[in-house]
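In what follows, a structure is listed as structure tokens, so that the remarks can point back to it.
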2 protein chains.
Amino acid sequence: MHPQMLDYDTANCAIGATVAMIGEKWTFLVLREAFNGVRRFDDMQRRTHAPRQVLSDRLGRLVRDGQLRKVPYQEQGQRGRHEYRLTGKGLDLYPVLVALMQWGDQHAAQPGGPPMLLTHRGCGQPVRLELTCGAGHVLGSARDVTPLPGPGARRIA
Amino acid sequence: MHPQMLDYDTANCAIGATVAMIGEKWTFLVLREAFNGVRRFDDMQRRTHAPRQVLSDRLGRLVRDGQLRKVPYQEQGQRGRHEYRLTGKGLDLYPVLVALMQWGDQHAAQPGGPPMLLTHRGCGQPVRLELTCGAGHVLGSARDVTPLPGPGARRIA
DNA sequence: GTTGCTGAGTCTGTCAACTAGACCTAGCAT
DNA sequence: ATGCTAGGTCTAGTTGACAGACTCAGCAAC
């Protein structure tokens with residue numbers, strides 16, 4: 001009945017570390033647009049409605065922490081600028097965004113159905129997140145998971 | 001080259017809706033602890049280090065929005081109190097937390113390895129999130145996904 | 001060569017949110 | 001009566017968000 005994890009410290013929790021980096025509202029929207037293919041400041045602003053200052057700050061953080069990188073480009077008749085592109089580290093955040101979207105589609109359903117569908121490129125089938133285990137089982141809910149202290153766990157003093 | 005989604009409005013995006021409900025830093029930590037089995041205010045406070053006022057507010061929102069519910073209980077020699085438990089809607093947020101954790105373990109690795117392991121109850125194998133498609137393929141990255149406007153999509157004026 | 005345009009910001013003042021710390025409250029126990 | 005405890009609320013100070021105006025660099029048209 002008493003879950004084991006409660007005897008261990010939360011200080012080095014991976015969720016905490018991740019949330020400290022990307023756990024702000026606008027950051028999620030910025031990432032959503034990055035995955036949608038948006039790369040430029042003004043497009044980001046138009047699509048997220050983030051205040052310019054906040055957007056500037058969030059993009060700066062994402063670059064500093066390595067989820068985005070600045071890439072210079074130049075359109076003809078324009079001065080050189082830079083755009084923001086997802087790095088590998090940034091691309092790996094995709095499951096987070098998909099999980100948020102999946103939950104939203106299920107529990108905060110928009111009238112008219114989901115505004116966005118994810119499809120497997122090439123095969124065209126709908127994409128979804130699944131919890132699976134090493135033995136190949138697909139888990140139906142959080143209740144099928146037992147959290148255990150890992151190698152980096154620290155017992156509470 | 002130009003992603004289709006950019007011609008559609010972001011106003012009714014499921015990610016936006018979800019983030020508006022649970023996209024605050026402390027909320028994620030509260031949910032993490034809820035999934036760890038923590039149900040009481042003070043335990044939450046001890047494990048998240050959230051300021052009491054913020055914790056009170058976040059728990060209140062989660063109850064209001066239906067991710068948690070208040071359940072009365074009474075320990076002997078104590079006055080009646082209530083505890084916070086995940087609802088079905090709350091349990092469905094598990095993939096979000098797992099996604100955050102998985103990313104953190106991979107890209108913000110803690111010295112000594114992951115502090116928490118998720119195992120399949122009964123079978124004991126490690127649990128992970130996978131992006132799969134309707135045809136049974138497992139996708140390796142966000143690059144294998146094509147986002148398309150869904151039934152609820154609204155073209156930008 | 002100066003006027004204007006555009007993308008990508010920065011500056012300012014206002015207002016809301018967060019924070020630490022003290023204080024409160026109901027019911028049980030002494 | 002007094003104290004203890006879980007679960008808050010109150011206060012004051014600091015930080016962060018926000019809208020709206022301003023800046024700045026380079027290109028281009030006049």
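For the structure tokens, the naming scheme is as follows: chains receive sequential letters (A, B, ...) according to their order of presentation, residues are indexed from 1 within each chain, and ligands are indexed from 1 in presentation order.
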
Check which residues of chain B sit at most 9 Å from chain D using only C-alpha atoms (C1' of nucleotides), and return one row each with the closest pair of atoms and their distance in Å to one decimal, ordered by chain and rising number, as JSON lines.
{"residue": "B:Arg40", "atom": "CA", "partner": "D:DA6", "partner_atom": "C1'", "distance": 8.9}
{"residue": "B:Phe41", "atom": "CA", "partner": "D:DG7", "partner_atom": "C1'", "distance": 6.8}
{"residue": "B:Asp42", "atom": "CA", "partner": "D:DA6", "partner_atom": "C1'", "distance": 7.2}
{"residue": "B:Arg52", "atom": "CA", "partner": "D:DG8", "partner_atom": "C1'", "distance": 8.0}
{"residue": "B:Gln53", "atom": "CA", "partner": "D:DT9", "partner_atom": "C1'", "distance": 8.2}
{"residue": "B:Ser56", "atom": "CA", "partner": "D:DG8", "partner_atom": "C1'", "distance": 7.6}
{"residue": "B:Gln78", "atom": "CA", "partner": "D:DT5", "partner_atom": "C1'", "distance": 8.7}
{"residue": "B:Arg81", "atom": "CA", "partner": "D:DA6", "partner_atom": "C1'", "distance": 8.0}

Counting only C-alpha atoms, a student should be able to say which residues of chain A come within 6 Å of chain B; what is the right answer, written as an MDAnalysis selection string? chainID A and resid 14:15 18 23 25 94:96 99:101 104:105 112:121 125:134 142 144:153

Go ahead and save the residues from that selection, with C-alpha atoms, as a PDB file, in the first residue's frame.
ATOM      1  CA  ALA A  14      13.947  13.790 -14.121  1.00  0.00           C
ATOM      2  CA  ILE A  15      10.493  15.311 -14.346  1.00  0.00           C
ATOM      3  CA  THR A  18      12.678  18.725 -17.509  1.00  0.00           C
ATOM      4  CA  GLY A  23       7.729  23.721 -18.162  1.00  0.00           C
ATOM      5  CA  LYS A  25       3.193  27.685 -20.827  1.00  0.00           C
ATOM      6  CA  TYR A  94       7.971  15.217 -29.473  1.00  0.00           C
ATOM      7  CA  PRO A  95       6.368  12.607 -27.209  1.00  0.00           C
ATOM      8  CA  VAL A  96       5.687  15.302 -24.639  1.00  0.00           C
ATOM      9  CA  ALA A  99       0.957  13.293 -25.025  1.00  0.00           C
ATOM     10  CA  LEU A 100      -0.448  16.739 -24.298  1.00  0.00           C
ATOM     11  CA  MET A 101      -2.328  16.741 -27.574  1.00  0.00           C
ATOM     12  CA  GLY A 104      -6.518  17.378 -24.966  1.00  0.00           C
ATOM     13  CA  ASP A 105      -8.291  15.630 -27.814  1.00  0.00           C
ATOM     14  CA  GLY A 112     -15.975  19.663 -34.577  1.00  0.00           C
ATOM     15  CA  GLY A 113     -13.321  17.168 -33.595  1.00  0.00           C
ATOM     16  CA  PRO A 114      -9.559  17.337 -33.362  1.00  0.00           C
ATOM     17  CA  PRO A 115      -7.980  20.244 -35.233  1.00  0.00           C
ATOM     18  CA  MET A 116      -4.846  18.266 -36.037  1.00  0.00           C
ATOM     19  CA  LEU A 117      -4.158  14.671 -37.001  1.00  0.00           C
ATOM     20  CA  LEU A 118      -0.782  12.996 -36.858  1.00  0.00           C
ATOM     21  CA  THR A 119      -0.072  10.476 -39.565  1.00  0.00           C
ATOM     22  CA  HIS A 120       2.821   8.173 -40.256  1.00  0.00           C
ATOM     23  CA  ARG A 121       4.758   9.633 -43.129  1.00  0.00           C
ATOM     24  CA  GLN A 125      -1.907   5.696 -40.700  1.00  0.00           C
ATOM     25  CA  PRO A 126      -2.774   7.723 -37.585  1.00  0.00           C
ATOM     26  CA  VAL A 127      -0.046   7.957 -34.983  1.00  0.00           C
ATOM     27  CA  ARG A 128      -0.490   7.569 -31.268  1.00  0.00           C
ATOM     28  CA  LEU A 129       1.546   7.143 -28.104  1.00  0.00           C
ATOM     29  CA  GLU A 130       1.547   3.816 -26.346  1.00  0.00           C
ATOM     30  CA  LEU A 131       2.945   2.673 -23.052  1.00  0.00           C
ATOM     31  CA  THR A 132       4.702  -0.605 -23.671  1.00  0.00           C
ATOM     32  CA  CYS A 133       6.915  -2.855 -21.634  1.00  0.00           C
ATOM     33  CA  GLY A 134      10.064  -4.753 -22.483  1.00  0.00           C
ATOM     34  CA  ALA A 142      -0.967   4.212 -15.050  1.00  0.00           C
ATOM     35  CA  ASP A 144      -0.394  -1.115 -14.602  1.00  0.00           C
ATOM     36  CA  VAL A 145       2.892   0.567 -13.735  1.00  0.00           C
ATOM     37  CA  THR A 146       4.929   0.074 -10.592  1.00  0.00           C
ATOM     38  CA  PRO A 147       7.432   2.873 -10.001  1.00  0.00           C
ATOM     39  CA  LEU A 148      10.624   1.677  -8.331  1.00  0.00           C
ATOM     40  CA  PRO A 149      13.730   3.492  -7.121  1.00  0.00           C
ATOM     41  CA  GLY A 150      16.449   3.399  -9.800  1.00  0.00           C
ATOM     42  CA  PRO A 151      20.241   3.447  -9.543  1.00  0.00           C
ATOM     43  CA  GLY A 152      20.317   7.210  -8.963  1.00  0.00           C
ATOM     44  CA  ALA A 153      17.682   7.181  -6.224  1.00  0.00           C
TER      45      ALA A 153
END

* Selected residue of minimal separation from chain C among A:Arg39, A:Arg79, A:Arg155, A:Tyr73, counting only C-alpha atoms (C1' of nucleotides) ->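 Among A:Arg39, A:Arg79, A:Arg155, A:Tyr73, it is A:Arg79 that comes nearest to chain C.
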
Could you please select, counting only C-alpha atoms (C1' of nucleotides), the residues of chain C within 9 Å of chain B and state them as a short mmCIF file (atom, residue, chain, number, x, y, z; two decimals) with C-alpha atoms (C1' of nucleotides), in the first residue's frame?
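Dumped to part-v6.cif:
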data_model
loop_
_atom_site.label_atom_id
_atom_site.label_comp_id
_atom_site.auth_asym_id
_atom_site.auth_seq_id
_atom_site.Cartn_x
_atom_site.Cartn_y
_atom_site.Cartn_z
"C1'" DC C 18 4.96 34.02 -6.88
"C1'" DT C 19 7.36 33.68 -2.51
"C1'" DA C 20 8.67 33.30 2.57
"C1'" DA C 26 -11.24 22.61 13.63
"C1'" DG C 27 -11.19 18.73 16.10
"C1'" DC C 28 -8.90 15.47 18.96
"C1'" DA C 29 -5.97 14.43 23.10
#

If you run DSSP on the backbone, which residues of stretch 34-71 of chain B are helix (DSSP H, G or I), as a PyMOL selection string? chain B and resi 34-36+41-48+52-64

I need the chosen residues saved as a JSON list (two decimals), in the first residue's frame, with N, CA and C atoms.
[["chain", "number", "residue", "atom", "x", "y", "z"],
["B", 34, "ALA", "N", 1.13, 12.76, -7.25],
["B", 34, "ALA", "CA", -0.15, 12.03, -7.25],
["B", 34, "ALA", "C", 0.06, 10.64, -7.83],
["B", 35, "PHE", "N", 0.81, 10.56, -8.91],
["B", 35, "PHE", "CA", 1.08, 9.25, -9.52],
["B", 35, "PHE", "C", 2.00, 8.41, -8.62],
["B", 36, "ASN", "N", 2.78, 9.06, -7.80],
["B", 36, "ASN", "CA", 3.61, 8.32, -6.84],
["B", 36, "ASN", "C", 2.80, 7.82, -5.65],
["B", 41, "PHE", "N", -2.11, 16.92, 1.56],
["B", 41, "PHE", "CA", -1.55, 18.24, 1.38],
["B", 41, "PHE", "C", -0.11, 18.34, 1.89],
["B", 42, "ASP", "N", 0.11, 17.97, 3.11],
["B", 42, "ASP", "CA", 1.44, 18.13, 3.68],
["B", 42, "ASP", "C", 2.49, 17.25, 3.01],
["B", 43, "ASP", "N", 2.09, 16.07, 2.62],
["B", 43, "ASP", "CA", 3.03, 15.20, 1.91],
["B", 43, "ASP", "C", 3.41, 15.84, 0.57],
["B", 44, "MET", "N", 2.41, 16.38, -0.07],
["B", 44, "MET", "CA", 2.66, 17.09, -1.33],
["B", 44, "MET", "C", 3.65, 18.21, -1.11],
["B", 45, "GLN", "N", 3.42, 18.94, -0.04],
["B", 45, "GLN", "CA", 4.27, 20.09, 0.22],
["B", 45, "GLN", "C", 5.71, 19.65, 0.49],
["B", 46, "ARG", "N", 5.84, 18.62, 1.28],
["B", 46, "ARG", "CA", 7.18, 18.14, 1.61],
["B", 46, "ARG", "C", 7.92, 17.64, 0.37],
["B", 47, "ARG", "N", 7.19, 17.02, -0.52],
["B", 47, "ARG", "CA", 7.86, 16.40, -1.67],
["B", 47, "ARG", "C", 8.02, 17.32, -2.88],
["B", 48, "THR", "N", 7.18, 18.33, -2.99],
["B", 48, "THR", "CA", 7.34, 19.24, -4.13],
["B", 48, "THR", "C", 8.06, 20.54, -3.74],
["B", 52, "ARG", "N", 2.92, 26.82, 0.13],
["B", 52, "ARG", "CA", 1.60, 26.32, 0.50],
["B", 52, "ARG", "C", 0.49, 26.96, -0.31],
["B", 53, "GLN", "N", 0.63, 28.23, -0.54],
["B", 53, "GLN", "CA", -0.45, 28.94, -1.24],
["B", 53, "GLN", "C", -0.60, 28.46, -2.67],
["B", 54, "VAL", "N", 0.54, 28.28, -3.32],
["B", 54, "VAL", "CA", 0.53, 27.80, -4.70],
["B", 54, "VAL", "C", -0.03, 26.38, -4.73],
["B", 55, "LEU", "N", 0.41, 25.57, -3.81],
["B", 55, "LEU", "CA", -0.07, 24.19, -3.74],
["B", 55, "LEU", "C", -1.59, 24.16, -3.57],
["B", 56, "SER", "N", -2.06, 24.97, -2.66],
["B", 56, "SER", "CA", -3.50, 25.06, -2.43],
["B", 56, "SER", "C", -4.23, 25.43, -3.71],
["B", 57, "ASP", "N", -3.69, 26.42, -4.40],
["B", 57, "ASP", "CA", -4.31, 26.86, -5.65],
["B", 57, "ASP", "C", -4.28, 25.77, -6.72],
["B", 58, "ARG", "N", -3.14, 25.11, -6.88],
["B", 58, "ARG", "CA", -3.01, 24.11, -7.93],
["B", 58, "ARG", "C", -3.89, 22.90, -7.67],
["B", 59, "LEU", "N", -3.94, 22.47, -6.42],
["B", 59, "LEU", "CA", -4.81, 21.36, -6.07],
["B", 59, "LEU", "C", -6.26, 21.76, -6.36],
["B", 60, "GLY", "N", -6.60, 22.99, -5.99],
["B", 60, "GLY", "CA", -7.95, 23.48, -6.23],
["B", 60, "GLY", "C", -8.32, 23.44, -7.71],
["B", 61, "ARG", "N", -7.41, 23.88, -8.56],
["B", 61, "ARG", "CA", -7.66, 23.84, -9.99],
["B", 61, "ARG", "C", -7.82, 22.43, -10.51],
["B", 62, "LEU", "N", -6.92, 21.57, -10.07],
["B", 62, "LEU", "CA", -6.97, 20.19, -10.55],
["B", 62, "LEU", "C", -8.29, 19.54, -10.15],
["B", 63, "VAL", "N", -8.79, 19.89, -8.97],
["B", 63, "VAL", "CA", -10.10, 19.37, -8.55],
["B", 63, "VAL", "C", -11.20, 20.00, -9.40],
["B", 64, "ARG", "N", -11.12, 21.30, -9.57],
["B", 64, "ARG", "CA", -12.13, 22.01, -10.36],
["B", 64, "ARG", "C", -12.20, 21.46, -11.79]]

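Here the DSSP assignment of strand (DSSP E), based on backbone atoms, applies within stretch 21-107 of chain B to Leu68, Arg69, Lys70, Val71, Pro72, Tyr73, Arg81, His82, Glu83, Tyr84, Arg85 and Leu86 of chain B.
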